[in-house]
$ cat final_31.csv   # CSV, C-alpha atoms and all ligand atoms
chain,number,residue,atom,x,y,z
A,1,MET,CA,0.0,0.0,0.0
A,2,PRO,CA,1.5,3.4,-0.9
A,3,PRO,CA,2.6,5.4,2.1
A,4,GLU,CA,0.1,8.3,1.6
A,5,VAL,CA,-2.8,5.8,1.8
A,6,ASN,CA,-1.3,4.5,5.1
A,7,ALA,CA,-1.2,8.0,6.4
A,8,ILE,CA,-4.9,8.5,5.6
A,9,THR,CA,-5.8,5.3,7.3
A,10,ASP,CA,-3.8,6.2,10.4
A,11,LEU,CA,-5.3,9.6,10.6
A,12,THR,CA,-8.8,8.1,10.3
A,13,LYS,CA,-8.1,5.6,13.1
A,14,ALA,CA,-6.8,8.4,15.3
A,15,GLU,CA,-9.8,10.5,14.5
A,16,ARG,CA,-12.1,7.6,15.4
A,17,GLU,CA,-10.3,7.1,18.7
A,18,ARG,CA,-10.6,10.8,19.5
A,19,ILE,CA,-14.3,10.8,18.8
A,20,LEU,CA,-14.9,7.7,21.0
A,21,ALA,CA,-12.8,9.2,23.8
A,22,LYS,CA,-14.7,12.5,23.7
A,23,SER,CA,-18.0,10.6,23.7
A,24,ALA,CA,-17.0,8.8,26.9
A,25,LEU,CA,-17.0,12.1,28.7
A,26,PHE,CA,-20.7,12.1,28.4
A,27,ASP,CA,-21.4,8.5,29.6
A,28,PRO,CA,-24.9,7.5,30.6
A,29,PRO,CA,-25.5,6.3,34.2
A,30,ASP,CA,-24.8,2.8,35.3
A,31,ALA,CA,-27.3,0.0,34.8
A,32,ALA,CA,-27.8,-0.4,38.6
A,33,LEU,CA,-30.8,1.1,40.3
A,34,ALA,CA,-30.6,2.9,43.7
A,35,ASP,CA,-31.8,-0.4,45.4
A,36,GLY,CA,-29.0,-2.4,43.7
A,37,ARG,CA,-31.1,-4.2,41.2
A,38,ARG,CA,-29.9,-4.1,37.6
A,39,ASP,CA,-31.8,-3.3,34.4
A,40,LEU,CA,-31.7,-6.2,32.0
A,41,VAL,CA,-32.8,-4.1,29.0
A,42,GLY,CA,-29.9,-3.0,26.9
A,43,MET,CA,-27.6,-5.9,27.9
A,44,ASP,CA,-26.3,-8.0,25.0
A,45,ARG,CA,-26.5,-11.8,25.2
A,46,GLU,CA,-23.0,-12.1,26.7
A,47,GLU,CA,-23.8,-9.6,29.5
A,48,LEU,CA,-27.1,-11.3,30.2
A,49,GLY,CA,-25.3,-14.7,30.3
A,50,ALA,CA,-22.8,-13.3,32.8
A,51,GLU,CA,-25.5,-11.9,35.0
A,52,LEU,CA,-27.3,-15.2,35.1
A,53,ALA,CA,-24.1,-17.2,35.6
A,54,ALA,CA,-23.4,-15.0,38.6
A,55,ILE,CA,-26.6,-16.2,40.2
A,56,GLY,CA,-25.9,-19.8,39.3
A,57,GLU,CA,-28.2,-20.1,36.3
A,58,LYS,CA,-27.5,-22.1,33.1
A,59,PRO,CA,-26.7,-20.5,29.7
A,60,PHE,CA,-30.0,-21.7,28.2
A,61,ARG,CA,-31.8,-19.1,30.3
A,62,VAL,CA,-30.4,-16.3,28.2
A,63,LYS,CA,-32.5,-17.4,25.2
A,64,GLN,CA,-35.6,-17.8,27.5
A,65,LEU,CA,-35.2,-14.3,29.0
A,66,TRP,CA,-34.4,-12.7,25.7
A,67,HIS,CA,-37.6,-14.1,24.3
A,68,TRP,CA,-39.7,-12.7,27.1
A,69,ILE,CA,-38.0,-9.3,27.2
A,70,TYR,CA,-37.6,-8.5,23.5
A,71,HIS,CA,-40.2,-10.7,21.8
A,72,GLN,CA,-43.1,-10.8,24.3
A,73,GLY,CA,-42.2,-7.4,25.7
A,74,VAL,CA,-43.1,-8.3,29.3
A,75,THR,CA,-41.8,-6.1,32.1
A,76,ASP,CA,-42.9,-8.4,35.0
A,77,PHE,CA,-41.0,-11.6,35.7
A,78,SER,CA,-44.2,-13.2,37.1
A,79,ARG,CA,-45.6,-13.2,33.5
A,80,MET,CA,-42.8,-15.4,32.3
A,81,SER,CA,-44.8,-18.6,32.2
A,82,SER,CA,-42.0,-20.9,31.0
A,83,ILE,CA,-39.9,-20.0,34.1
A,84,ALA,CA,-40.8,-21.6,37.4
A,85,ARG,CA,-42.0,-19.4,40.2
A,86,PRO,CA,-38.9,-19.7,42.5
A,87,LEU,CA,-36.7,-18.5,39.6
A,88,GLN,CA,-39.1,-15.7,38.7
A,89,GLU,CA,-38.9,-14.5,42.3
A,90,LYS,CA,-35.1,-14.8,42.4
A,91,LEU,CA,-34.9,-12.7,39.2
A,92,ALA,CA,-37.2,-10.1,40.5
A,93,GLU,CA,-35.1,-9.7,43.6
A,94,ARG,CA,-32.0,-8.9,41.5
A,95,PHE,CA,-33.2,-7.4,38.2
A,96,VAL,CA,-35.7,-5.2,36.6
A,97,ILE,CA,-36.9,-4.9,33.0
A,98,GLY,CA,-37.0,-1.2,32.7
A,99,ARG,CA,-38.6,1.4,30.5
A,100,PRO,CA,-38.1,5.1,30.3
A,101,ASP,CA,-40.9,7.0,31.9
A,102,PRO,CA,-43.3,8.6,29.4
A,103,VAL,CA,-43.9,11.9,31.3
A,104,VAL,CA,-45.7,13.6,28.4
A,105,VAL,CA,-47.4,11.9,25.5
A,106,GLN,CA,-49.0,14.1,22.8
A,107,THR,CA,-50.8,13.0,19.7
A,108,SER,CA,-51.0,15.4,16.8
A,109,THR,CA,-54.1,16.0,14.6
A,110,ASP,CA,-52.2,14.0,12.0
A,111,GLU,CA,-51.7,11.0,14.4
A,112,THR,CA,-48.0,11.7,14.9
A,113,ARG,CA,-47.3,10.9,18.6
A,114,LYS,CA,-44.5,12.6,20.6
A,115,PHE,CA,-43.2,11.1,23.8
A,116,LEU,CA,-41.1,13.0,26.3
A,117,PHE,CA,-39.2,10.2,28.1
A,118,ARG,CA,-37.6,10.7,31.5
A,119,PHE,CA,-34.7,8.4,32.4
A,120,ARG,CA,-33.5,7.2,35.8
A,121,ASP,CA,-31.3,10.2,36.5
A,122,GLY,CA,-34.1,12.6,35.6
A,123,GLN,CA,-32.7,13.6,32.2
A,124,GLU,CA,-35.2,13.7,29.3
A,125,ALA,CA,-35.3,13.1,25.6
A,126,GLU,CA,-38.0,13.0,23.0
A,127,THR,CA,-39.1,10.2,20.7
A,128,VAL,CA,-41.6,10.6,17.8
A,129,TYR,CA,-43.8,8.0,16.2
A,130,ILE,CA,-44.8,9.0,12.6
A,131,PRO,CA,-47.5,6.7,11.2
A,132,ASP,CA,-47.8,6.2,7.5
A,133,PRO,CA,-51.0,8.1,6.5
A,134,VAL,CA,-52.3,5.2,4.3
A,135,GLU,CA,-50.9,2.0,5.6
A,136,ASP,CA,-50.6,0.2,9.0
A,137,ARG,CA,-47.0,1.0,9.5
A,138,GLY,CA,-44.8,3.9,10.7
A,139,ALA,CA,-41.4,5.1,11.8
A,140,VAL,CA,-40.1,5.6,15.3
A,141,CYS,CA,-37.7,8.6,15.4
A,142,ILE,CA,-35.3,7.9,18.2
A,143,SER,CA,-33.0,10.2,20.1
A,144,SER,CA,-29.3,9.2,20.7
A,145,GLN,CA,-28.3,12.0,23.1
A,146,VAL,CA,-29.8,14.5,25.5
A,147,GLY,CA,-29.1,17.8,23.7
A,148,CYS,CA,-26.5,18.0,20.9
A,149,THR,CA,-23.0,19.3,20.4
A,150,LEU,CA,-23.5,20.3,16.8
A,151,SER,CA,-25.5,23.5,16.8
A,152,CYS,CA,-27.0,23.2,13.3
A,153,ARG,CA,-28.4,26.7,12.7
A,154,PHE,CA,-31.9,25.6,11.6
A,155,CYS,CA,-32.4,23.0,14.4
A,156,HIS,CA,-34.1,23.7,17.7
A,157,THR,CA,-32.3,20.7,19.4
A,158,GLY,CA,-29.0,22.3,18.4
A,159,THR,CA,-29.7,25.2,20.8
A,160,GLN,CA,-29.6,22.8,23.7
A,161,THR,CA,-26.1,22.0,25.0
A,162,LEU,CA,-25.1,18.4,25.0
A,163,VAL,CA,-26.1,17.0,28.4
A,164,ARG,CA,-25.1,13.4,28.0
A,165,ASN,CA,-25.2,10.4,25.7
A,166,LEU,CA,-28.1,8.0,26.0
A,167,GLY,CA,-27.2,4.5,27.0
A,168,ALA,CA,-28.1,1.3,25.0
A,169,PRO,CA,-31.0,0.6,27.5
A,170,GLU,CA,-32.3,4.1,27.0
A,171,ILE,CA,-32.1,3.9,23.2
A,172,VAL,CA,-33.7,0.4,22.9
A,173,GLY,CA,-36.1,1.5,25.7
A,174,GLN,CA,-37.5,4.4,23.6
A,175,PHE,CA,-38.6,1.9,20.9
A,176,MET,CA,-39.9,-0.6,23.5
A,177,ALA,CA,-41.9,2.1,25.3
A,178,ALA,CA,-43.4,3.4,22.1
A,179,ARG,CA,-44.5,-0.2,21.4
A,180,ASP,CA,-46.0,-0.4,24.8
A,181,SER,CA,-48.0,2.7,23.9
A,182,TYR,CA,-49.5,0.9,20.8
A,183,GLY,CA,-49.8,-2.5,22.5
A,184,GLU,CA,-47.6,-4.0,19.7
A,185,TRP,CA,-46.3,-7.1,21.6
A,186,PRO,CA,-45.3,-9.8,20.9
A,187,SER,CA,-43.0,-8.7,18.1
A,188,PRO,CA,-44.9,-9.2,14.8
A,189,LYS,CA,-43.2,-11.9,12.8
A,190,GLY,CA,-43.0,-12.6,9.0
A,191,GLU,CA,-45.6,-10.9,6.9
A,192,THR,CA,-47.7,-9.7,9.9
A,193,PRO,CA,-48.0,-5.9,9.5
A,194,ARG,CA,-46.1,-3.8,12.1
A,195,LEU,CA,-47.4,-0.5,13.2
A,196,LEU,CA,-43.9,0.4,14.4
A,197,SER,CA,-42.1,-0.9,11.3
A,198,THR,CA,-39.0,1.2,11.0
A,199,ILE,CA,-36.5,3.1,13.2
A,200,VAL,CA,-34.9,6.4,12.1
A,201,LEU,CA,-32.1,7.6,14.3
A,202,MET,CA,-33.0,11.3,13.6
A,203,GLY,CA,-34.2,12.5,17.0
A,204,MET,CA,-32.1,14.5,19.4
A,205,GLY,CA,-28.3,14.2,19.0
A,206,GLU,CA,-25.7,13.0,16.5
A,207,PRO,CA,-25.8,9.2,16.6
A,208,LEU,CA,-22.2,8.9,15.4
A,209,TYR,CA,-21.0,10.9,18.4
A,210,ASN,CA,-22.5,8.1,20.6
A,211,TYR,CA,-21.6,5.2,18.4
A,212,THR,CA,-20.8,2.7,21.1
A,213,ASN,CA,-24.3,2.9,22.7
A,214,VAL,CA,-26.1,3.3,19.4
A,215,SER,CA,-24.5,0.3,17.8
A,216,LYS,CA,-25.1,-1.9,20.8
A,217,ALA,CA,-28.8,-0.8,20.9
A,218,MET,CA,-29.2,-1.4,17.2
A,219,ARG,CA,-27.7,-4.9,17.4
A,220,ILE,CA,-30.3,-5.7,20.1
A,221,VAL,CA,-33.1,-4.3,17.9
A,222,MET,CA,-31.9,-6.4,14.9
A,223,ASP,CA,-31.7,-9.7,16.8
A,224,GLY,CA,-34.1,-12.0,15.1
A,225,GLU,CA,-35.3,-13.7,18.3
A,226,GLY,CA,-36.4,-10.4,19.8
A,227,ILE,CA,-37.6,-7.2,18.3
A,228,GLY,CA,-36.3,-8.5,15.0
A,229,LEU,CA,-36.2,-5.3,12.8
A,230,SER,CA,-33.8,-6.0,9.9
A,231,ARG,CA,-31.0,-3.5,9.1
A,232,ARG,CA,-33.0,-2.5,6.1
A,233,ARG,CA,-35.6,-1.1,8.4
A,234,ILE,CA,-33.2,1.1,10.3
A,235,THR,CA,-31.8,4.4,9.1
A,236,LEU,CA,-29.0,6.2,10.8
A,237,SER,CA,-28.9,9.9,10.1
A,238,THR,CA,-25.6,11.8,10.5
A,239,SER,CA,-24.6,15.4,10.0
A,240,GLY,CA,-21.4,14.0,8.5
A,241,VAL,CA,-19.0,12.5,11.1
A,242,VAL,CA,-17.0,11.1,8.3
A,243,PRO,CA,-14.6,8.7,10.2
A,244,MET,CA,-17.5,7.0,11.9
A,245,MET,CA,-19.6,6.6,8.8
A,246,ASP,CA,-17.1,4.0,7.5
A,247,ARG,CA,-17.3,2.1,10.7
A,248,ALA,CA,-21.1,2.2,11.0
A,249,GLY,CA,-21.4,1.0,7.4
A,250,ALA,CA,-19.0,-1.9,7.9
A,251,GLU,CA,-20.3,-3.0,11.4
A,252,LEU,CA,-24.1,-2.3,11.3
A,253,GLY,CA,-24.9,-2.0,7.6
A,254,VAL,CA,-28.0,0.1,8.3
A,255,ASN,CA,-29.4,2.6,5.8
A,256,LEU,CA,-27.7,5.9,5.8
A,257,ALA,CA,-29.2,9.4,5.8
A,258,VAL,CA,-27.0,12.5,5.5
A,259,SER,CA,-28.1,16.0,6.7
A,260,LEU,CA,-26.7,17.9,3.8
A,261,HIS,CA,-28.7,21.1,3.6
A,262,ALA,CA,-26.2,23.1,1.5
A,263,VAL,CA,-24.2,22.5,-1.6
A,264,THR,CA,-21.3,24.8,-1.0
A,265,ASN,CA,-18.8,24.7,1.9
A,266,GLU,CA,-19.3,28.3,2.5
A,267,LEU,CA,-23.0,27.9,3.3
A,268,ARG,CA,-22.7,24.5,4.9
A,269,ASP,CA,-20.0,25.8,7.3
A,270,VAL,CA,-22.8,28.1,8.6
A,271,LEU,CA,-25.8,25.8,8.6
A,272,VAL,CA,-24.0,22.6,9.7
A,273,PRO,CA,-20.9,23.8,11.5
A,274,LEU,CA,-19.4,20.3,11.5
A,275,ASN,CA,-18.7,20.9,7.9
A,276,ARG,CA,-15.7,23.0,8.9
A,277,LYS,CA,-14.2,19.7,10.1
A,278,TYR,CA,-15.5,17.4,7.4
A,279,PRO,CA,-16.2,19.4,4.3
A,280,ILE,CA,-18.7,18.4,1.6
A,281,GLU,CA,-16.0,16.7,-0.6
A,282,GLU,CA,-15.0,14.4,2.2
A,283,LEU,CA,-18.6,13.8,3.1
A,284,ILE,CA,-19.7,12.8,-0.4
A,285,ALA,CA,-16.6,10.6,-0.7
A,286,ALA,CA,-17.6,8.8,2.5
A,287,CYS,CA,-21.1,8.3,1.0
A,288,ARG,CA,-19.6,6.9,-2.2
A,289,ARG,CA,-17.7,4.2,-0.2
A,290,TYR,CA,-20.6,3.4,2.1
A,291,PRO,CA,-21.1,-0.3,1.9
A,292,GLY,CA,-24.3,-1.9,0.7
A,293,SER,CA,-25.8,1.1,-1.0
A,294,SER,CA,-27.5,0.3,-4.3
A,295,ASN,CA,-30.6,1.5,-6.1
A,296,ALA,CA,-32.6,-0.7,-3.8
A,297,ARG,CA,-30.9,0.9,-0.8
A,298,ARG,CA,-30.3,4.4,-1.6
A,299,ILE,CA,-28.5,7.0,0.6
A,300,THR,CA,-31.0,9.7,1.7
A,301,PHE,CA,-29.8,13.3,1.6
A,302,GLU,CA,-31.9,15.5,3.9
A,303,TYR,CA,-32.2,19.0,2.6
A,304,VAL,CA,-34.1,21.6,4.7
A,305,MET,CA,-35.6,24.3,2.5
A,306,LEU,CA,-34.8,27.7,3.8
A,307,LYS,CA,-36.3,30.7,1.9
A,308,GLY,CA,-33.6,32.7,0.0
A,309,VAL,CA,-30.8,30.8,1.7
A,310,ASN,CA,-30.3,27.4,0.0
A,311,ASP,CA,-33.4,27.0,-2.3
A,312,SER,CA,-32.3,28.4,-5.7
A,313,ALA,CA,-32.4,26.6,-9.0
A,314,ALA,CA,-28.6,26.9,-9.2
A,315,GLU,CA,-28.2,25.1,-5.9
A,316,ALA,CA,-30.6,22.4,-7.1
A,317,ARG,CA,-28.4,21.9,-10.2
A,318,GLU,CA,-25.2,21.9,-8.0
A,319,LEU,CA,-26.8,19.3,-5.8
A,320,VAL,CA,-27.4,17.1,-8.8
A,321,ARG,CA,-23.7,17.5,-9.8
A,322,LEU,CA,-22.5,16.7,-6.3
A,323,ILE,CA,-24.3,13.4,-5.9
A,324,ALA,CA,-24.2,12.3,-9.5
A,325,GLY,CA,-23.7,8.5,-9.8
A,326,LEU,CA,-24.6,7.8,-6.2
A,327,PRO,CA,-27.6,5.6,-5.5
A,328,ALA,CA,-29.4,8.5,-3.8
A,329,LYS,CA,-32.7,10.1,-2.9
A,330,VAL,CA,-33.2,13.7,-1.7
A,331,ASN,CA,-35.7,14.5,0.9
A,332,LEU,CA,-36.8,18.1,0.7
A,333,ILE,CA,-38.0,19.3,4.1
A,334,PRO,CA,-39.9,22.5,4.3
A,335,PHE,CA,-38.3,24.3,7.3
A,336,ASN,CA,-40.3,23.9,10.5
A,337,PRO,CA,-40.0,27.2,12.5
A,338,TRP,CA,-39.4,27.2,16.2
A,339,PRO,CA,-39.5,30.1,18.7
A,340,GLY,CA,-36.5,32.3,18.0
A,341,SER,CA,-35.5,30.6,14.7
A,342,GLN,CA,-34.0,33.0,12.2
A,343,TYR,CA,-35.1,31.3,9.0
A,344,GLU,CA,-38.3,31.1,6.9
A,345,THR,CA,-39.8,28.2,5.0
A,346,SER,CA,-39.2,28.3,1.3
A,347,THR,CA,-42.2,29.2,-0.8
A,348,PRO,CA,-44.1,26.2,-2.2
A,349,ALA,CA,-43.1,27.3,-5.7
A,350,ALA,CA,-39.4,27.4,-4.9
A,351,VAL,CA,-39.7,23.9,-3.3
A,352,ALA,CA,-41.5,22.5,-6.3
A,353,LYS,CA,-39.0,24.0,-8.7
A,354,PHE,CA,-36.1,22.6,-6.7
A,355,SER,CA,-37.7,19.2,-6.6
A,356,ARG,CA,-38.4,19.2,-10.3
A,357,ILE,CA,-34.8,20.0,-11.2
A,358,VAL,CA,-33.5,17.2,-9.1
A,359,SER,CA,-36.1,14.7,-10.3
A,360,ASP,CA,-35.5,15.6,-13.9
A,361,ALA,CA,-31.9,14.5,-13.4
A,362,GLY,CA,-33.2,11.1,-12.4
A,363,ILE,CA,-32.9,11.5,-8.6
A,364,SER,CA,-36.0,11.0,-6.6
A,365,ALA,CA,-36.7,14.3,-4.6
A,366,PRO,CA,-39.9,14.0,-2.7
A,367,VAL,CA,-41.1,17.0,-0.6
A,368,ARG,CA,-41.7,15.8,2.9
A,369,THR,CA,-45.0,16.7,4.4
A,370,PRO,CA,-44.3,18.2,7.8
A,371,ARG,CA,-45.7,15.9,10.5
A,372,GLY,CA,-46.7,16.7,14.0
A,373,ARG,CA,-46.1,20.5,13.7
A,374,ASP,CA,-48.9,21.2,16.1
A,375,ILE,CA,-47.1,19.3,18.9
A,376,SER,CA,-43.6,20.5,17.9
A,377,ALA,CA,-42.7,17.0,16.8
A,378,ALA,CA,-41.5,17.9,13.3
A,379,CYS,CA,-37.9,17.6,12.0
A,380,GLY,CA,-35.6,19.8,14.0
A,381,GLN,CA,-38.2,20.9,16.6
A,382,LEU,CA,-37.3,18.5,19.4
A,383,LYS,CA,-35.9,20.1,22.6
A,384,THR,CA,-36.2,19.3,26.3
A,385,ASP,CA,-35.5,21.3,29.5
A,386,SER,CA,-32.7,18.9,30.5
A,387,LYS,CA,-29.5,20.7,31.5
A,388,ARG,CA,-26.1,19.5,32.3
A,389,GLU,CA,-25.5,19.7,36.0
A,390,ARG,CA,-21.9,20.6,35.9
A,391,THR,CA,-20.8,23.8,34.0
A,392,ALA,CA,-21.8,23.2,30.4
A,393,ILE,CA,-19.0,21.7,28.5
A,394,SER,CA,-18.8,23.0,25.0
A,395,VAL,CA,-17.2,20.3,22.9
A,396,PRO,CA,-15.3,21.6,19.9
A,397,VAL,CA,-16.2,19.6,16.8
B,1,LIG,S1,-29.7,18.7,13.1
B,1,LIG,FE1,-29.1,16.9,14.4
B,1,LIG,S2,-26.9,17.1,14.6
B,1,LIG,FE2,-27.6,19.1,14.0
B,1,LIG,S3,-28.0,20.3,15.9
B,1,LIG,FE3,-30.0,19.2,15.3
B,1,LIG,S4,-29.9,17.3,16.5
B,1,LIG,FE4,-27.8,18.1,16.4
$ encode --input "final_31.csv" --output "structure tokens"
Amino acid sequence: MPPEVNAITDLTKAERERILAKSALFDPPDAALADGRRDLVGMDREELGAELAAIGEKPFRVKQLWHWIYHQGVTDFSRMSSIARPLQEKLAERFVIGRPDPVVVQTSTDETRKFLFRFRDGQEAETVYIPDPVEDRGAVCISSQVGCTLSCRFCHTGTQTLVRNLGAPEIVGQFMAARDSYGEWPSPKGETPRLLSTIVLMGMGEPLYNYTNVSKAMRIVMDGEGIGLSRRRITLSTSGVVPMMDRAGAELGVNLAVSLHAVTNELRDVLVPLNRKYPIEELIAACRRYPGSSNARRITFEYVMLKGVNDSAAEARELVRLIAGLPAKVNLIPFNPWPGSQYETSTPAAVAKFSRIVSDAGISAPVRTPRGRDISAACGQLKTDSKRERTAISVPV
């Protein structure tokens, strides 16, 4: 391998390590409750096996418990009918099957449902269920952090300092609690329709800045003996943490969405400040090498339409040039205003023209209908009152 390629590989590895080390500063709380019991949700099979071995139980119990927790969705050991009463009691003394606490649940006039979940340490994050308007299915938009480091200009969440990362139990727990709300247990199998049919990691936070917890949670979600959502039903959205995109692609193989929002570095540096670190050329190059993308599994580019800022015909044509040859789809998102936001939504005519230019170039460019606007559940509107207890740490990106 030529030395310059080695240098790039080394740099990327160093970058990855830097991101993971920084992420550890914002670790979620431990799995143990105040009374010493431990939450089994969010443990992988090995960890579950170790917990059970520590109380003298055989390895086959892992499969049994996994089934009850992730397929049947029970939260009470006494409902595990294949487990004898003495063991149910022993488990209940030592463990819980937790859920985040849905402190506020709001349902929009368009049936979108927003949950404000409170976690054990009192921190909060939002989750949104967006039902398909015509079919019995829908997407659960999950948060990966409380707050966000990235301060994207058009995003309300970005005005909230990063409080902490969410742990794997809290990430899986959002999906499980949303399922509780719709009574969708046991996990639908095979062709049985699922109301909660896909996961989009597009809620609060940048998932690739919390990769360890996000990847662990997604592996649990994808396990075929539990929740059983395939990687094709999971979309990870990133603002462009380039070194981690390669890793997520190789290890998880989920669908990729990229918050693009601008076609020049000059403008993207403003709208998505992470661009100063990983500019558009590097981002698009990472998309081009993202494994598994094809016309059947296209990379989604999210593009928020801001009046007079990024919505011209010339920018539409530049977008086409940038992503030419990629199996791609562009989601055009009319801007969802929030209190204090400095932008306006593009006119319908500007959005339609932009969409037409991109579609005429053979790239699908649907205009996303805003969902849940009346309950502030639409894209970029999520925010909680959670604050970091210590002096806010501003993490340079
Ligand atoms: S768009 Fe995403 S990455 Fe950017 S500030 Fe909002 S939550 Fe953070």
$ residues_around --input "final_31.csv" --residues "Ala177 of chain A" --least-positions-apart "2" --cutoff "12 Å" --atoms "all atoms listed in the file" --output "ChimeraX atom specification"
/A:41,70,73-75,97-103,105,114-119,126-129,140,142,169-175,179-185,196
$ residues_near_ligand --input "final_31.csv" --ligand "ligand LIG 1 (chain B)" --cutoff "8 Å" --atoms "only C-alpha atoms and all ligand atoms" --output "PyMOL selection string"
chain A and resi 147-159+202-206+238-239+259+272+380
$ closest_residue --input "final_31.csv" --among "A:Thr112, A:Val163, A:Ala248, A:Met222" --to "Glu124 of chain A" --atoms "only C-alpha atoms"
A:Val163
$ closest_residue --input "final_31.csv" --among "A:Gly249, A:Pro131, A:Gly167, A:Pro186" --to "Gly372 of chain A" --atoms "only C-alpha atoms"
A:Pro131
$ closest_residue --input "final_31.csv" --among "A:Ala314, A:Ile130, A:Val258, A:Val367" --to "Cys287 of chain A" --atoms "all atoms listed in the file"
A:Val258
$ atom_distance --input "final_31.csv" --atom1 "atom CA of Lys353 of chain A" --atom2 "atom CA of Phe335 of chain A"
16.0 Å
$ closest_residue --input "final_31.csv" --among "A:Ala84, A:Ala296, A:Leu20, A:Leu65" --to "Thr212 of chain A" --atoms "only C-alpha atoms"
A:Leu20
$ atom_distance --input "final_31.csv" --atom1 "atom CA of Pro193 of chain A" --atom2 "atom CA of Gly138 of chain A"
10.4 Å
$ residues_around --input "final_31.csv" --residues "Met245 of chain A" --least-positions-apart "5" --cutoff "10 Å" --atoms "all atoms listed in the file" --output "ChimeraX atom specification"
/A:208,211,236-238,240,250-251,256,283,286-287,289-291
$ closest_residue --input "final_31.csv" --among "A:Leu25, A:Val104, A:Ile363, A:Ile220" --to "Leu162 of chain A" --atoms "all atoms listed in the file"
A:Leu25
$ closest_residue --input "final_31.csv" --among "A:Ala313, A:Ala54, A:Met176, A:Leu326" --to "Ser355 of chain A" --atoms "all atoms listed in the file"
A:Ala313
$ residues_around --input "final_31.csv" --residues "segment 339-347 of chain A" --least-positions-apart "4" --cutoff "6 Å" --atoms "all atoms listed in the file" --output "list in words"
Met305, Leu306, Lys307, Pro334 and Phe335 of chain A
$ atom_distance --input "final_31.csv" --atom1 "atom CA of Phe301 of chain A" --atom2 "atom CA of Leu252 of chain A"
19.2 Å
$ residues_near_point --input "final_31.csv" --point "(-18.1, 22.7, 13.8)" --cutoff "10 Å" --atoms "all atoms listed in the file" --output "list in words"
Thr149, Leu150, Ser151, Cys152, Asp269, Val270, Leu271, Val272, Pro273, Leu274, Asn275, Arg276, Lys277, Tyr278, Val395, Pro396 and Val397 of chain A
$ residues_around --input "final_31.csv" --residues "Ala21 of chain A" --least-positions-apart "3" --cutoff "12 Å" --atoms "only C-alpha atoms" --output "PDB file with C-alpha atoms, in the coordinates of the input"
ATOM      1  CA  ALA A  14      -6.800   8.400  15.300  1.00  0.00           C
ATOM      2  CA  GLU A  15      -9.800  10.500  14.500  1.00  0.00           C
ATOM      3  CA  ARG A  16     -12.100   7.600  15.400  1.00  0.00           C
ATOM      4  CA  GLU A  17     -10.300   7.100  18.700  1.00  0.00           C
ATOM      5  CA  ARG A  18     -10.600  10.800  19.500  1.00  0.00           C
ATOM      6  CA  ALA A  24     -17.000   8.800  26.900  1.00  0.00           C
ATOM      7  CA  LEU A  25     -17.000  12.100  28.700  1.00  0.00           C
ATOM      8  CA  PHE A  26     -20.700  12.100  28.400  1.00  0.00           C
ATOM      9  CA  ASP A  27     -21.400   8.500  29.600  1.00  0.00           C
ATOM     10  CA  TYR A 209     -21.000  10.900  18.400  1.00  0.00           C
ATOM     11  CA  ASN A 210     -22.500   8.100  20.600  1.00  0.00           C
ATOM     12  CA  TYR A 211     -21.600   5.200  18.400  1.00  0.00           C
ATOM     13  CA  THR A 212     -20.800   2.700  21.100  1.00  0.00           C
ATOM     14  CA  VAL A 395     -17.200  20.300  22.900  1.00  0.00           C
TER      15      VAL A 395
END
$ residues_around --input "final_31.csv" --residues "segment 89-93 of chain A" --least-positions-apart "6" --cutoff "10 Å" --atoms "only C-alpha atoms" --output "number ranges by chain"
A: 36-38, 52, 55, 76-78, 83
$ decode --input "final_31.csv" --residues "segment 136-144 of chain A" --atoms "N, CA and C atoms" --output "PDB file, in the first residue's frame"
ATOM      1  N   ASP A 136     -50.824   0.539   7.545  1.00  0.00           N
ATOM      2  CA  ASP A 136     -50.617   0.239   8.966  1.00  0.00           C
ATOM      3  C   ASP A 136     -49.138   0.020   9.258  1.00  0.00           C
ATOM      4  N   ARG A 137     -48.384   1.084   9.208  1.00  0.00           N
ATOM      5  CA  ARG A 137     -46.968   1.008   9.539  1.00  0.00           C
ATOM      6  C   ARG A 137     -46.491   2.422   9.866  1.00  0.00           C
ATOM      7  N   GLY A 138     -45.267   2.539  10.342  1.00  0.00           N
ATOM      8  CA  GLY A 138     -44.785   3.877  10.677  1.00  0.00           C
ATOM      9  C   GLY A 138     -43.361   3.829  11.192  1.00  0.00           C
ATOM     10  N   ALA A 139     -42.787   5.011  11.337  1.00  0.00           N
ATOM     11  CA  ALA A 139     -41.386   5.122  11.752  1.00  0.00           C
ATOM     12  C   ALA A 139     -41.298   5.663  13.169  1.00  0.00           C
ATOM     13  N   VAL A 140     -40.373   5.109  13.928  1.00  0.00           N
ATOM     14  CA  VAL A 140     -40.109   5.644  15.260  1.00  0.00           C
ATOM     15  C   VAL A 140     -38.801   6.430  15.171  1.00  0.00           C
ATOM     16  N   CYS A 141     -38.896   7.713  15.452  1.00  0.00           N
ATOM     17  CA  CYS A 141     -37.718   8.582  15.382  1.00  0.00           C
ATOM     18  C   CYS A 141     -37.115   8.641  16.787  1.00  0.00           C
ATOM     19  N   ILE A 142     -35.911   8.115  16.916  1.00  0.00           N
ATOM     20  CA  ILE A 142     -35.298   7.889  18.222  1.00  0.00           C
ATOM     21  C   ILE A 142     -34.167   8.884  18.476  1.00  0.00           C
ATOM     22  N   SER A 143     -34.049   9.298  19.718  1.00  0.00           N
ATOM     23  CA  SER A 143     -32.955  10.195  20.105  1.00  0.00           C
ATOM     24  C   SER A 143     -31.737   9.375  20.531  1.00  0.00           C
ATOM     25  N   SER A 144     -30.569   9.930  20.295  1.00  0.00           N
ATOM     26  CA  SER A 144     -29.345   9.231  20.697  1.00  0.00           C
ATOM     27  C   SER A 144     -28.588   9.979  21.796  1.00  0.00           C
TER      28      SER A 144
END
